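Below is one structure, written out as C-alpha cells; comments come after it.
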Amino acid sequence: MQIRHPAPDERPRILVVEPNRTNLRVMTRRLAEAGYRVTAADNGEAAIAELYRLPIELVLAELNMPRMSGAELTRAIRGEVQWNDIPVMLITGKSDPKGAIRAYEAGADDVILKPFHFEVLIARIQRRIDRARSIERLKHDNAALDARVVERAIQIGELKDALAKARR
C-alpha cells in the first residue's frame, strides 16, 4: 500500500484510546509511521481531556475499557457540540457482535473487528478523515453562501428604498 505523507501542517491528528500500554505504543507508532499526528490516552477520562486540549480529527478507541467504555466515550463526544462531527472508530473483538451494536447505538462511525490488517485500518481511517474534511468544507461553503445571500438581500432592500425615493 502506498502511503501518502501530507505536509506537516495538514497531517490529521488522531486520538488513540487504549488501556493496554503495549497496544497503545504499537498503535501510536504505526499511525505515526503512516503520517498521522498521534495523541494517546489510556482511558476515556484522559481522552476527554485531550479533546479539550487539542484539535482532534478522529478518535480511535477500544470498545471495552475499564471505568469509561468506548461506547460511553462516544456518547460523551456526541454530546458536545464542538466534537459532534469528529469521526469515532471503535475497536472490538470478533467474538463480541453485541459490542459492535453498542458502539453503533452510541454514535460510532465505524467498528473495527480484531484481528485486523493495519493497512486496512489506515485506509478506513483515511476515508473517515477525508469524508469529515469534505463535510467541513461544505459547511464552510454553505456559511459563505448564506452570508452572500444576506448581503444581496440588504443590497436589494437598499435599491428598493432608493427606487421608492426616486419615484416620489
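In the C-alpha cells, each chain is lettered A, B, ... as it comes, each chain's residues begin at 1, and ligands are numbered from 1 in order of appearance.
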
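Residues lying within 8 Å of Ile86 in chain A, counting only C-alpha atoms and ignoring same-chain neighbours fewer than 3 positions away, are Ile56, Glu57, Leu58, Val59, Ile77, Trp83 and Ala132 of chain A.
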
**Study point:** Within 9 Å of range 98-104 of chain A using only C-alpha atoms, minus same-chain residues under 2 positions, as JSON, numbers by chain
**Key:** {"A": [63, 64, 70, 71, 72, 74, 89, 90, 91, 92, 93, 95, 96, 106, 107, 108, 109, 110, 111, 112, 113]}

Please produce a file of the residues just selected, as a short mmCIF file (atom, residue, chain, number, x, y, z; two decimals), in the first residue's frame, where the atoms kept are all heavy atoms.
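The result, stored in selection.cif:
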data_model
loop_
_atom_site.label_atom_id
_atom_site.label_comp_id
_atom_site.auth_asym_id
_atom_site.auth_seq_id
_atom_site.Cartn_x
_atom_site.Cartn_y
_atom_site.Cartn_z
N LEU A 63 -13.28 -0.49 22.45
CA LEU A 63 -14.65 -0.51 22.95
C LEU A 63 -14.71 -0.89 24.42
O LEU A 63 -15.37 -0.24 25.22
CB LEU A 63 -15.52 -1.46 22.12
CG LEU A 63 -16.96 -1.62 22.58
CD1 LEU A 63 -17.71 -0.30 22.48
CD2 LEU A 63 -17.66 -2.68 21.77
N ASN A 64 -14.00 -1.94 24.78
CA ASN A 64 -14.04 -2.45 26.15
C ASN A 64 -12.88 -1.89 26.96
O ASN A 64 -11.74 -2.35 26.84
CB ASN A 64 -14.00 -3.98 26.15
CG ASN A 64 -15.22 -4.54 25.46
OD1 ASN A 64 -16.34 -4.15 25.76
ND2 ASN A 64 -15.01 -5.44 24.51
N GLY A 70 -15.65 2.48 25.49
CA GLY A 70 -15.60 3.21 24.23
C GLY A 70 -16.96 3.75 23.84
O GLY A 70 -17.08 4.84 23.28
N ALA A 71 -18.02 3.00 24.14
CA ALA A 71 -19.38 3.47 23.85
C ALA A 71 -19.71 4.70 24.69
O ALA A 71 -20.29 5.66 24.20
CB ALA A 71 -20.40 2.35 24.09
N GLU A 72 -19.34 4.68 25.97
CA GLU A 72 -19.58 5.85 26.84
C GLU A 72 -18.77 7.05 26.37
O GLU A 72 -19.27 8.18 26.37
CB GLU A 72 -19.24 5.50 28.29
CG GLU A 72 -20.19 4.50 28.90
CD GLU A 72 -19.70 3.93 30.22
OE1 GLU A 72 -18.47 3.78 30.40
OE2 GLU A 72 -20.55 3.63 31.07
N THR A 74 -17.87 7.61 23.29
CA THR A 74 -18.55 8.07 22.08
C THR A 74 -19.76 8.93 22.42
O THR A 74 -19.97 9.99 21.83
CB THR A 74 -18.97 6.87 21.21
OG1 THR A 74 -17.80 6.09 20.90
CG2 THR A 74 -19.64 7.32 19.93
N MET A 89 -14.08 5.82 15.72
CA MET A 89 -13.97 4.42 15.32
C MET A 89 -13.63 3.62 16.57
O MET A 89 -12.71 3.98 17.31
CB MET A 89 -12.87 4.26 14.27
CG MET A 89 -13.12 5.07 13.00
SD MET A 89 -11.73 5.05 11.85
CE MET A 89 -11.85 3.39 11.21
N LEU A 90 -14.40 2.56 16.81
CA LEU A 90 -14.17 1.73 17.99
C LEU A 90 -13.66 0.35 17.57
O LEU A 90 -14.10 -0.20 16.55
CB LEU A 90 -15.44 1.60 18.81
CG LEU A 90 -15.98 2.91 19.39
CD1 LEU A 90 -17.27 2.67 20.17
CD2 LEU A 90 -14.95 3.58 20.28
N ILE A 91 -12.75 -0.19 18.37
CA ILE A 91 -12.14 -1.49 18.10
C ILE A 91 -12.71 -2.50 19.08
O ILE A 91 -12.77 -2.24 20.28
CB ILE A 91 -10.61 -1.41 18.26
CG1 ILE A 91 -10.03 -0.40 17.28
CG2 ILE A 91 -9.98 -2.79 18.06
CD1 ILE A 91 -8.56 -0.10 17.51
N THR A 92 -13.14 -3.65 18.55
CA THR A 92 -13.67 -4.71 19.40
C THR A 92 -13.29 -6.06 18.82
O THR A 92 -12.88 -6.16 17.67
CB THR A 92 -15.21 -4.58 19.56
OG1 THR A 92 -15.65 -5.50 20.57
CG2 THR A 92 -15.93 -4.87 18.26
N GLY A 93 -13.47 -7.10 19.61
CA GLY A 93 -13.15 -8.45 19.16
C GLY A 93 -14.27 -9.03 18.31
O GLY A 93 -15.43 -8.68 18.46
N SER A 95 -15.46 -11.81 18.54
CA SER A 95 -16.34 -12.62 19.38
C SER A 95 -17.35 -11.76 20.15
O SER A 95 -18.06 -12.27 21.00
CB SER A 95 -15.52 -13.46 20.35
OG SER A 95 -14.79 -12.60 21.20
N ASP A 96 -17.41 -10.46 19.84
CA ASP A 96 -18.29 -9.55 20.57
C ASP A 96 -19.23 -8.80 19.61
O ASP A 96 -19.15 -7.58 19.48
CB ASP A 96 -17.45 -8.56 21.38
CG ASP A 96 -18.28 -7.66 22.27
OD1 ASP A 96 -19.44 -8.00 22.57
OD2 ASP A 96 -17.77 -6.60 22.67
N ALA A 106 -24.24 3.99 20.21
CA ALA A 106 -23.65 5.13 20.93
C ALA A 106 -23.26 6.26 19.97
O ALA A 106 -23.00 7.37 20.41
CB ALA A 106 -22.42 4.68 21.71
N GLY A 107 -23.23 5.96 18.68
CA GLY A 107 -22.90 7.01 17.70
C GLY A 107 -21.56 6.83 17.01
O GLY A 107 -21.10 7.73 16.32
N ALA A 108 -20.94 5.66 17.15
CA ALA A 108 -19.67 5.40 16.47
C ALA A 108 -19.88 5.42 14.96
O ALA A 108 -20.93 5.00 14.47
CB ALA A 108 -19.08 4.06 16.92
N ASP A 109 -18.89 5.90 14.25
CA ASP A 109 -18.95 5.93 12.79
C ASP A 109 -18.52 4.61 12.17
O ASP A 109 -18.94 4.28 11.06
CB ASP A 109 -18.04 7.04 12.25
CG ASP A 109 -18.53 8.40 12.67
OD1 ASP A 109 -19.55 8.84 12.12
OD2 ASP A 109 -17.91 9.02 13.55
N ASP A 110 -17.69 3.87 12.88
CA ASP A 110 -17.18 2.61 12.35
C ASP A 110 -16.76 1.73 13.51
O ASP A 110 -16.42 2.23 14.59
CB ASP A 110 -15.97 2.90 11.45
CG ASP A 110 -15.71 1.80 10.43
OD1 ASP A 110 -16.41 0.76 10.46
OD2 ASP A 110 -14.81 1.99 9.59
N VAL A 111 -16.81 0.42 13.28
CA VAL A 111 -16.35 -0.55 14.26
C VAL A 111 -15.32 -1.43 13.57
O VAL A 111 -15.59 -1.98 12.50
CB VAL A 111 -17.52 -1.41 14.81
CG1 VAL A 111 -17.00 -2.47 15.76
CG2 VAL A 111 -18.54 -0.52 15.50
N ILE A 112 -14.16 -1.54 14.18
CA ILE A 112 -13.07 -2.35 13.65
C ILE A 112 -13.02 -3.63 14.47
O ILE A 112 -12.92 -3.59 15.69
CB ILE A 112 -11.71 -1.60 13.79
CG1 ILE A 112 -11.80 -0.17 13.25
CG2 ILE A 112 -10.60 -2.41 13.16
CD1 ILE A 112 -12.13 -0.05 11.81
N LEU A 113 -13.08 -4.76 13.78
CA LEU A 113 -13.05 -6.05 14.46
C LEU A 113 -11.62 -6.59 14.50
O LEU A 113 -10.91 -6.56 13.49
CB LEU A 113 -13.96 -7.05 13.75
CG LEU A 113 -15.44 -6.67 13.67
CD1 LEU A 113 -16.21 -7.72 12.88
CD2 LEU A 113 -16.03 -6.50 15.05
#

Exercise for review: Determine which residues of range 51-103 of chain A receive a DSSP assignment of helix (DSSP H, G or I), computed from the backbone, and state them as a PyMOL selection string.
Suggested key: chain A and resi 51-53+70-78+81-83+97-103

**Study point:** Which of range 44-73 of chain A DSSP labels strand (DSSP E or B), written as a list in words
**Key:** Leu58, Val59, Leu60, Ala61 and Glu62 of chain A

Review point. Of the candidates A:Ala76, A:Arg21, A:Ala147, A:Leu31, which one gets nearest to Ile48 in chain A if we count only C-alpha atoms?
Key: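 For Ile48 in chain A, the nearest of the candidates is A:Ala76.
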
Point to revise | For CA of Pro97 in chain A and CA of Glu80 in chain A, the interatomic separation in Å (one decimal) | key: 27.4 Å

**Study point:** Selection: 12 Å around Ala32 in chain A, only C-alpha atoms, excl. self and same-chain fewer than 3 positions, as a ChimeraX atom specification
**Key:** /A:3,5-6,8,11-16,25-29,35-40,122

Taking N, CA and C atoms for each residue, export the selection above as a tab-separated table (two decimals), in the first residue's frame.
chain	number	residue	atom	x	y	z
A	3	ILE	N	1.58	4.87	0.96
A	3	ILE	CA	1.12	5.81	1.97
A	3	ILE	C	1.57	7.21	1.57
A	5	HIS	N	2.34	10.88	2.49
A	5	HIS	CA	2.70	11.66	3.67
A	5	HIS	C	2.41	13.14	3.39
A	6	PRO	N	1.34	13.68	3.98
A	6	PRO	CA	0.99	15.09	3.74
A	6	PRO	C	1.99	16.03	4.41
A	8	PRO	N	3.45	18.67	6.95
A	8	PRO	CA	3.26	18.64	8.41
A	8	PRO	C	2.04	19.41	8.91
A	11	ARG	N	-1.30	17.32	8.31
A	11	ARG	CA	-1.42	15.95	8.81
A	11	ARG	C	-2.53	15.87	9.86
A	12	PRO	N	-3.46	14.95	9.70
A	12	PRO	CA	-4.54	14.82	10.67
A	12	PRO	C	-4.02	14.35	12.03
A	13	ARG	N	-4.68	14.83	13.08
A	13	ARG	CA	-4.35	14.38	14.43
A	13	ARG	C	-5.38	13.35	14.86
A	14	ILE	N	-4.89	12.19	15.23
A	14	ILE	CA	-5.74	11.08	15.68
A	14	ILE	C	-5.52	10.89	17.18
A	15	LEU	N	-6.62	10.73	17.89
A	15	LEU	CA	-6.56	10.40	19.31
A	15	LEU	C	-6.79	8.90	19.45
A	16	VAL	N	-5.78	8.19	19.95
A	16	VAL	CA	-5.88	6.75	20.17
A	16	VAL	C	-6.12	6.52	21.65
A	25	ARG	N	1.26	1.74	22.53
A	25	ARG	CA	2.55	2.09	21.90
A	25	ARG	C	2.60	1.61	20.46
A	26	VAL	N	2.15	0.40	20.21
A	26	VAL	CA	2.18	-0.15	18.85
A	26	VAL	C	1.28	0.68	17.93
A	27	MET	N	0.07	0.97	18.38
A	27	MET	CA	-0.87	1.74	17.56
A	27	MET	C	-0.33	3.14	17.27
A	28	THR	N	0.18	3.82	18.28
A	28	THR	CA	0.67	5.18	18.06
A	28	THR	C	1.88	5.18	17.13
A	29	ARG	N	2.76	4.20	17.29
A	29	ARG	CA	3.93	4.13	16.42
A	29	ARG	C	3.53	3.86	14.97
A	35	GLY	N	2.01	8.60	8.84
A	35	GLY	CA	1.95	10.02	8.54
A	35	GLY	C	0.96	10.82	9.36
A	36	TYR	N	0.39	10.23	10.39
A	36	TYR	CA	-0.56	10.95	11.24
A	36	TYR	C	0.15	11.54	12.46
A	37	ARG	N	-0.40	12.64	12.96
A	37	ARG	CA	0.00	13.13	14.27
A	37	ARG	C	-0.87	12.36	15.26
A	38	VAL	N	-0.26	11.76	16.25
A	38	VAL	CA	-1.00	10.88	17.15
A	38	VAL	C	-0.91	11.39	18.58
A	39	THR	N	-2.06	11.44	19.21
A	39	THR	CA	-2.16	11.75	20.63
A	39	THR	C	-2.71	10.50	21.30
A	40	ALA	N	-2.15	10.14	22.44
A	40	ALA	CA	-2.53	8.90	23.09
A	40	ALA	C	-3.19	9.15	24.44
A	122	ILE	N	-5.65	1.72	8.26
A	122	ILE	CA	-5.18	3.02	7.76
A	122	ILE	C	-6.11	3.52	6.66

Check your understanding: Separation of CA of Ser69 in chain A and CA of Glu119 in chain A, in Å?
Key -> 25.5 Å

Review point. Which residue out of A:Leu60, A:Ala46, A:Leu24, A:Leu73 has the minimum interatomic distance to Ile125 in chain A when only C-alpha atoms are used?
Key: A:Leu60

Check your understanding: CA of Val81 in chain A and CA of Met68 in chain A are how many Å apart?
Key ->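 Atom-to-atom, CA of Val81 in chain A to CA of Met68 in chain A, that is 20.1 Å.
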